[in-house]
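Scroll down for the structure; my scribbles are underneath it.
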Amino acid sequence: MMKRLTPWILVGPASLLVLAFLILPVGATLVETFADPKGWLAPYAAFFNSGFRRTVLYRTIEVSLITTILSVILGFIAAYVVAQMPARWKSIMIIAAVFPLLTGVVVRSFAWLILLGKNGILNNLLLSLGAISEPLTMLYTKGAVIAAMVYLFVPLMILTLAGVLEGIPKDVTEAASSLGAPPFAVFRQVILPLAMPGLIVGAVLVFTGSFTSYATPQLLGGESQMMMGTFLYQRAMVTFDWTGASTVAAIMVVVTITIVVLMTRLARRMNPMAA
Amino acid sequence: MTVSLTLDNVTAHYGSTQVLQDLSLAIAAGELVSLLGASGCGKTTTLRLVAGFLEPTSGSIRLGDRDLTRMPAHQRDIGLVFQNYALFPHLSVRDNVAFGLKQRGLGSVERKAKADTMLERVGLSAFAERMPAALSGGQKQRVALARALVIEPPLLMFDEPLSNLDAKLRVDMRVEIRRLQRANGTTSLYVTHDQEEAFSISDRVAIMNAGRIMQLDRPEVLYQRPANSFVARFVGFENLIDMTVTERNGASVKATTPAGASVFLSQDVFGAIPDRFVLAARPDGLAVTRSEDGIPVTLGIRTYLGRAYQYQCMAQSGTYLGNGPLTEPLEPGTAASLVPVPEQCCILPSDA
Amino acid sequence: MRTTLHPALLMIASLIFAILIAPLFIILGASVSDTSYLTFPPQGFTLQWYSNIFEITAFRTTAITSLQIAFFGTFLALLIGIPAAYALNRFRVRLPSFLSNVFVLPILVPEIVLGFSLMKSITIGLDLPVYTTLLMGHTLLVLPYAVRVVGASLASFDFSVEEAAISLGCPPLKAFLTVVLPNISAGVIAAFILAFITSVNDVSISLFLTGPGVSTLPIQILAHMEQFFDPTIASVSVLLMLLTVGVMAIVEATLGLTFLTK
């Protein structure tokens with residue numbers, strides 16, 4: 001009797017924590033949006049009927065997509081080089097990626113505040129070079145948010161892809177070139193397809209991370225570049241429109257989970273090792 | 001189109017470590033030559049130099065009238081079979097075989113036709129749609145072979161292609177590789193550490209050590225007439241005895257071990273015998289007898305070989321292995337003599 | 001060894017790595033600037049912004065809260081997460097398969113949604129103290145590390161070793177503590193470190209779980225920045241980066257940094 005219950009006793013506390021502090025509260029948030037006194041789906045109608053809110057959603061999607069694409073490209077290049085480097089350089093590069101990754105979002109976003117501000121290093125540099133005559137407004141623009149977000153996610157991409165690329169056996173790429181494939185064909189026909197599942201997983205992490213981010217759009221985008229995260233906070237804590245906030249939360253959950261589920265399924269289908 | 005492969009005074013380094021030293025090697029058109037040696041002897045380095053994955057420090061590599069020395073790997077047109085197969089895991093068996101054809105700009109219909117013909121030749125027609133992960137080791141090796149052959153390369157190279165297969169399959173694949181190589185008459189370079197494999201498959205074998213070729217010859221010659229102590233030891237001449245000529249009497253020569261024991265050898269059998277030499281013999285080349293002449297020894301452990309008894313023989317100049325007749329088993333501790341069997345022995349240049 | 005790396009590729013990659021590290025040095029520079037606003041390169045040199053941190057009580061109290069929450073949250077997560085990871089690996093066939101997905105939920109659900117929902121249902125709905133909810137939120141946040149990182153160690157553990165111990169007369173709990181646990185210690189250390197640093201750096205969950213007298217350091221930094229734009233924030237950031245350096249030193253010493261690429 002005792003023996004049969006052992007597994008359940010062991011997973012019990014952790015499961016209860018997830019149930020009580022995640023499934024039920026988040027479930028309640030989602031359910032609320034469907035049980036609005038103004039009618040079935042009324043909060044969603046309100047959301048999509050508002051031009052401002054639609055803009056926030058579209059902006060969030062746009063920023064997240066651009067961030068994902070840039071992070072994938074830059075991360076891939078860096079990871080590709082890491083995978084080819086001799087051990088000593090490799091570990092230096094990995095440290096250079098891990099250090100920002102373990103440093104908090106607030107600190108890393110803050111760095112871009114110094115970089116892009118009116119008195120920031122970039123403006124000072126451009127002024128002294130004579131490229132501009134007066135400081136540019138770079139903060140609180142879409143570009144600032146994207147730059148900081150790419151900065152945020154590239155290390156994650158590098159570490160994910162470096163592991164994937166190192167896992168591609170060297171003799172497979174050698175076989176390709178011995179069969180007459182020039183370097184770019186080796187990349188295009190062998191390395192890229194083999195890295196694709198890892199690349200998709202990394203891209204999903206970046207997209208969902210950007211889509212639900214708060215600190216970076218708050219610091220670098222401000223009111224004018226509101227995104228879903230900052231908008232949720234504003235609804236909940238400034239205007240106390242909890243239904244509105246819950247609606248934003250529900251859209252976030254649906255988008256994230258849909259993307260994660262679809263893309264991990266795609267990545268798994270593309271995994272050549274699973275015959 | 002069969003061409004020869006020529007390596008001229010090739011030297012190669014890994015960082016500051018020299019791994020090949022002035023290596024010269026010529027493989028005739030249509031010939032299969034093996035590089036045989038222990039790991040670290042430079043055989044794989046040689047193959048990688050020819051393949052273009054390494055660049056030599058000096059020397060030149062030529063295939064027919066093409067200079068390969070500094071040519072990028074993908075322009076060399078060499079069929080390469082890897083130790084771990086190196087199949088593309090994301091491509092089907094057919095697409096693996098067609099990969100090289102695609103690089104050569106063949107259309108998809110032609111690619112498929114050629115790949116399927118080649119798969120038929122290696123007996124894998126039924127597996128064309130499979131992914132590599134769903135194949136057995138032997139099947140993977142056939143795909144790797146088909147992939148290398150289908151581009152009809154002027155040179156085929158094999159890097160320990162059978163080392164991951166079980167014993168039975170190894171023999172089958174060995175025959176298969178030889179059959180396909182013969183059928184196409186493709187010049188081939190074969191790298192292995194397995195002596196039996198090298199001897200059975202090759203026209204000629206190069207035995208390598210420390211980045212140099214110790215001897216390059218037909219297997220029969222290597223086996224019976226090694227040119228030096230290293231090769232002799234490699235092909236099983238377990239007894240290497242330093243000898244000095246102390247007396248010459250016409251064709252008959254009296255040679256003495258460092259410990260002072262003497263044997264008589266005939267120059268009619270061995271040709272001219274130098275003043276100092278190494279007498280090399282397999283155990284069946286040293287007869288264990290009770291007679292007085294020969295090298296005096298004390299017998300140690302006796303083992304039964306079926307056709308003879310083998311004895312561990314302690315002489316003053318060292319410990320040797322000799323064989324004695326089944327008719328007369330001798331006990332450990334007995335005093336006996338070792339007498340060289342002329343046809344089974346070799347005279348090698350002295351190492352000193 | 002000949003490498004096929006194109007020089008342009010190498011240059012772009014070097015630039016990427018330089019840009020990854022440069023902003024952190026800019027913060028370091030800005031933190032010692034003798035100006036009342038944030039600037040780089042620093043003008044003059046002063047440590048007043050560092051002493052300023054200690055004069056602002058909010059930084060001190062929130063830093064203490066952050067460390068407390070990170071420590072206890074991680075500890076709690078390991079305490080309930082390790083048994084769960086063990087059960088999921090050891091008794092795979094006896095537990096429903098959806099159960100392992102349950103422990104992915106804290107990663108899957110956006111943190112900001114979790115924070116908001118916790119505030120609504122727990123702090124306000126159940127009237128639980130803010131501190132408790134904050135601790136629970138962080139425990140949840142880091143629970144996946146405990147379950148999955150430790151789980152990865154357990155997946156490569158040969159449970160017949162544990163059975164051998166039990167067959168030799170060792171009671172099950174003692175067998176776990178003396179035979180299984182030492183063999184998965186790398187996973188436990190990794191889980192602890194990753195969980196701790198994740199908790200300290202978290203913004204999105206803590207955002208909604210602050211109240212009178214309860215807040216975390218990152219939230220305090222955000223709040224401070226809304227009012228002041230002086231180098232104090234830079235100096236706080238430098239201290240947080242020192243924490244990162246410490247964490248990396250521990251990872252390097254115990255597991256090796258390459259552990260993180262797996």
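In the structure tokens, each chain is lettered A, B, ... as it comes, each chain's residues begin at 1, and ligands are numbered from 1 in order of appearance.
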Select all residues from chain A having any atom no more than 6 Å from an atom of chain C (counting only C-alpha atoms, ignoring ligands), output as a PyMOL selection string. chain A and resi 7+10-11+13-14+25-26+78+103-104+107+111+121+159+163+249
Residues of chain A at most 10 Å from chain B: nearest atom pair and distance in Å, only C-alpha atoms, as a Markdown table:
```
| residue | atom | partner | partner_atom | distance |
| --- | --- | --- | --- | --- |
| A:Ile168 | CA | B:Pro89 | CA | 9.8 |
| A:Pro169 | CA | B:Ala86 | CA | 7.7 |
| A:Lys170 | CA | B:Ala86 | CA | 8.5 |
| A:Asp171 | CA | B:Ala86 | CA | 5.6 |
| A:Val172 | CA | B:Ala86 | CA | 4.6 |
| A:Thr173 | CA | B:Ala86 | CA | 8.3 |
| A:Glu174 | CA | B:Phe53 | CA | 7.5 |
| A:Ala175 | CA | B:Ala86 | CA | 6.4 |
| A:Ala176 | CA | B:Gly100 | CA | 7.7 |
| A:Ser177 | CA | B:His74 | CA | 4.5 |
| A:Ser178 | CA | B:His74 | CA | 5.2 |
| A:Leu179 | CA | B:Gly100 | CA | 4.7 |
| A:Gly180 | CA | B:His74 | CA | 4.1 |
| A:Ala181 | CA | B:His74 | CA | 5.5 |
| A:Pro182 | CA | B:His74 | CA | 5.6 |
| A:Pro183 | CA | B:His74 | CA | 8.1 |
| A:Ala185 | CA | B:Gln103 | CA | 8.3 |
| A:Val186 | CA | B:His74 | CA | 9.7 |
| A:Gln189 | CA | B:Phe99 | CA | 9.3 |
| A:Val190 | CA | B:Phe88 | CA | 7.2 |
| A:Ile191 | CA | B:Phe88 | CA | 9.8 |
| A:Pro193 | CA | B:His90 | CA | 7.1 |
| A:Leu194 | CA | B:His90 | CA | 6.6 |
| A:Met270 | CA | B:His90 | CA | 8.2 |
| A:Asn271 | CA | B:His90 | CA | 7.7 |
| A:Pro272 | CA | B:His90 | CA | 4.8 |
| A:Met273 | CA | B:Ala133 | CA | 6.1 |
| A:Ala274 | CA | B:Ala133 | CA | 7.3 |
| A:Ala275 | CA | B:Ala133 | CA | 5.5 |
```
Which residues of chain B have any atom within 9 Å of an atom in chain C when counting only C-alpha atoms, and what is the closest pair of atoms for each, with the distance in Å to one decimal? Order the rows by chain and rising number and write it as CSV.
```
residue,atom,partner,partner_atom,distance
B:His13,CA,C:Met1,CA,8.7
B:Tyr14,CA,C:Met1,CA,6.4
B:Gly15,CA,C:Met1,CA,7.3
B:Phe53,CA,C:Arg2,CA,6.9
B:Leu54,CA,C:Arg2,CA,5.8
B:Glu55,CA,C:Arg2,CA,7.0
```
DSSP on the backbone: which residues in segment 161-337 of chain B end up as strand (DSSP E or B)? Give the answer as number ranges by chain. B: 187-192, 204-209, 212-217, 239-249, 252-256, 262-266, 276-281, 286-289, 295-304, 309-315, 318-324, 335-337
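Remark: for Leu49 of chain B, the closest of the candidate residues B:Arg218, B:His193, B:Arg204, B:Arg70 is B:Arg70 (distances computed over only C-alpha atoms).
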From a DSSP calculation on the backbone, collect every residue of segment 106-170 of chain A in alpha helix (DSSP H) and output the set as a PyMOL selection string. chain A and resi 106-116+121-129+142-166+170
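Between atom CA of Cys41 of chain B and atom CA of Pro283 of chain B there is a distance of 26.8 Å.
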Could you name the residues that touch segment 52-58 of chain A at 7 Å or less, counting only C-alpha atoms, but leaving out those on the same chain fewer than 3 positions away, as a count of residues only? 7
Quick one: residues within 12 Å of Gly187 of chain C, only C-alpha atoms, excluding same-chain residues fewer than 4 positions away - as a PyMOL selection string? chain C and resi 78+82+85+145-157+180-183+191-195+251+254-255+259-260
Write out, as a PDB file, in the first residue's frame, the residues just selected, with N, CA and C atoms.
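Saved result, result.pdb, follows:
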```
ATOM      1  N   LEU C  78      14.159  23.197  -4.454  1.00  0.00           N
ATOM      2  CA  LEU C  78      14.959  21.966  -4.481  1.00  0.00           C
ATOM      3  C   LEU C  78      14.348  20.918  -3.548  1.00  0.00           C
ATOM      4  N   ILE C  82      13.475  18.046  -6.056  1.00  0.00           N
ATOM      5  CA  ILE C  82      14.326  16.855  -6.185  1.00  0.00           C
ATOM      6  C   ILE C  82      13.507  15.567  -6.021  1.00  0.00           C
ATOM      7  N   ALA C  85      11.608  15.121  -9.205  1.00  0.00           N
ATOM      8  CA  ALA C  85      12.473  14.682 -10.301  1.00  0.00           C
ATOM      9  C   ALA C  85      12.830  13.209 -10.143  1.00  0.00           C
ATOM     10  N   TYR C 145      13.997  24.508 -12.820  1.00  0.00           N
ATOM     11  CA  TYR C 145      15.431  24.201 -12.734  1.00  0.00           C
ATOM     12  C   TYR C 145      15.649  22.976 -11.858  1.00  0.00           C
ATOM     13  N   ALA C 146      14.964  22.995 -10.693  1.00  0.00           N
ATOM     14  CA  ALA C 146      15.119  21.876  -9.764  1.00  0.00           C
ATOM     15  C   ALA C 146      14.681  20.574 -10.429  1.00  0.00           C
ATOM     16  N   VAL C 147      13.521  20.597 -11.063  1.00  0.00           N
ATOM     17  CA  VAL C 147      12.981  19.352 -11.617  1.00  0.00           C
ATOM     18  C   VAL C 147      13.751  18.917 -12.854  1.00  0.00           C
ATOM     19  N   ARG C 148      14.054  19.856 -13.751  1.00  0.00           N
ATOM     20  CA  ARG C 148      14.623  19.466 -15.041  1.00  0.00           C
ATOM     21  C   ARG C 148      16.140  19.289 -15.010  1.00  0.00           C
ATOM     22  N   VAL C 149      16.842  20.193 -14.334  1.00  0.00           N
ATOM     23  CA  VAL C 149      18.305  20.049 -14.292  1.00  0.00           C
ATOM     24  C   VAL C 149      18.693  18.834 -13.449  1.00  0.00           C
ATOM     25  N   VAL C 150      18.058  18.707 -12.281  1.00  0.00           N
ATOM     26  CA  VAL C 150      18.318  17.523 -11.461  1.00  0.00           C
ATOM     27  C   VAL C 150      17.824  16.277 -12.198  1.00  0.00           C
ATOM     28  N   GLY C 151      16.686  16.422 -12.880  1.00  0.00           N
ATOM     29  CA  GLY C 151      16.133  15.303 -13.648  1.00  0.00           C
ATOM     30  C   GLY C 151      17.099  14.812 -14.709  1.00  0.00           C
ATOM     31  N   ALA C 152      17.814  15.750 -15.355  1.00  0.00           N
ATOM     32  CA  ALA C 152      18.777  15.361 -16.393  1.00  0.00           C
ATOM     33  C   ALA C 152      19.904  14.524 -15.784  1.00  0.00           C
ATOM     34  N   SER C 153      20.330  14.905 -14.563  1.00  0.00           N
ATOM     35  CA  SER C 153      21.353  14.097 -13.880  1.00  0.00           C
ATOM     36  C   SER C 153      20.810  12.712 -13.558  1.00  0.00           C
ATOM     37  N   LEU C 154      19.560  12.687 -13.083  1.00  0.00           N
ATOM     38  CA  LEU C 154      18.964  11.409 -12.687  1.00  0.00           C
ATOM     39  C   LEU C 154      18.751  10.501 -13.889  1.00  0.00           C
ATOM     40  N   ALA C 155      18.490  11.119 -15.048  1.00  0.00           N
ATOM     41  CA  ALA C 155      18.227  10.321 -16.244  1.00  0.00           C
ATOM     42  C   ALA C 155      19.440   9.482 -16.615  1.00  0.00           C
ATOM     43  N   SER C 156      20.641   9.978 -16.277  1.00  0.00           N
ATOM     44  CA  SER C 156      21.832   9.198 -16.618  1.00  0.00           C
ATOM     45  C   SER C 156      22.343   8.405 -15.417  1.00  0.00           C
ATOM     46  N   PHE C 157      21.547   8.382 -14.347  1.00  0.00           N
ATOM     47  CA  PHE C 157      21.960   7.613 -13.162  1.00  0.00           C
ATOM     48  C   PHE C 157      21.446   6.180 -13.275  1.00  0.00           C
ATOM     49  N   VAL C 180      22.293   7.920  -4.035  1.00  0.00           N
ATOM     50  CA  VAL C 180      21.802   8.656  -5.211  1.00  0.00           C
ATOM     51  C   VAL C 180      22.281  10.106  -5.190  1.00  0.00           C
ATOM     52  N   LEU C 181      22.032  10.792  -4.079  1.00  0.00           N
ATOM     53  CA  LEU C 181      22.318  12.227  -4.007  1.00  0.00           C
ATOM     54  C   LEU C 181      23.767  12.582  -4.348  1.00  0.00           C
ATOM     55  N   PRO C 182      24.756  11.867  -3.793  1.00  0.00           N
ATOM     56  CA  PRO C 182      26.140  12.235  -4.148  1.00  0.00           C
ATOM     57  C   PRO C 182      26.420  12.099  -5.643  1.00  0.00           C
ATOM     58  N   ASN C 183      25.713  11.201  -6.313  1.00  0.00           N
ATOM     59  CA  ASN C 183      25.960  10.991  -7.734  1.00  0.00           C
ATOM     60  C   ASN C 183      25.268  12.014  -8.633  1.00  0.00           C
ATOM     61  N   ALA C 191      21.497  23.380 -10.588  1.00  0.00           N
ATOM     62  CA  ALA C 191      20.124  23.832 -10.384  1.00  0.00           C
ATOM     63  C   ALA C 191      20.092  24.969  -9.373  1.00  0.00           C
ATOM     64  N   PHE C 192      20.851  24.806  -8.294  1.00  0.00           N
ATOM     65  CA  PHE C 192      20.851  25.829  -7.249  1.00  0.00           C
ATOM     66  C   PHE C 192      21.350  27.165  -7.800  1.00  0.00           C
ATOM     67  N   ILE C 193      22.484  27.107  -8.503  1.00  0.00           N
ATOM     68  CA  ILE C 193      23.086  28.343  -9.004  1.00  0.00           C
ATOM     69  C   ILE C 193      22.181  29.040 -10.011  1.00  0.00           C
ATOM     70  N   LEU C 194      21.690  28.273 -10.978  1.00  0.00           N
ATOM     71  CA  LEU C 194      20.836  28.869 -12.008  1.00  0.00           C
ATOM     72  C   LEU C 194      19.557  29.425 -11.396  1.00  0.00           C
ATOM     73  N   ALA C 195      18.992  28.671 -10.450  1.00  0.00           N
ATOM     74  CA  ALA C 195      17.763  29.106  -9.807  1.00  0.00           C
ATOM     75  C   ALA C 195      17.997  30.392  -9.016  1.00  0.00           C
ATOM     76  N   VAL C 251      30.428  28.308 -10.799  1.00  0.00           N
ATOM     77  CA  VAL C 251      30.113  27.349 -11.871  1.00  0.00           C
ATOM     78  C   VAL C 251      31.397  26.770 -12.444  1.00  0.00           C
ATOM     79  N   THR C 254      33.027  24.347  -9.997  1.00  0.00           N
ATOM     80  CA  THR C 254      32.346  23.093  -9.690  1.00  0.00           C
ATOM     81  C   THR C 254      32.022  22.269 -10.932  1.00  0.00           C
ATOM     82  N   LEU C 255      31.566  22.923 -11.992  1.00  0.00           N
ATOM     83  CA  LEU C 255      31.079  22.161 -13.148  1.00  0.00           C
ATOM     84  C   LEU C 255      31.825  22.479 -14.421  1.00  0.00           C
ATOM     85  N   PHE C 259      29.453  23.569 -19.132  1.00  0.00           N
ATOM     86  CA  PHE C 259      28.227  22.930 -18.665  1.00  0.00           C
ATOM     87  C   PHE C 259      27.001  23.665 -19.191  1.00  0.00           C
ATOM     88  N   LEU C 260      27.142  24.990 -19.326  1.00  0.00           N
ATOM     89  CA  LEU C 260      25.996  25.818 -19.691  1.00  0.00           C
ATOM     90  C   LEU C 260      25.621  25.728 -21.167  1.00  0.00           C
TER      91      LEU C 260
END
```
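Residues surrounding Thr187 of chain B within 7 Å are B:Thr2, B:Val3, B:Ser4, B:Ala29, B:Gly30, B:Glu31, B:Leu32, B:Pro154, B:Leu155, B:Leu156 [only C-alpha atoms; sequence separation below 6 positions excluded].
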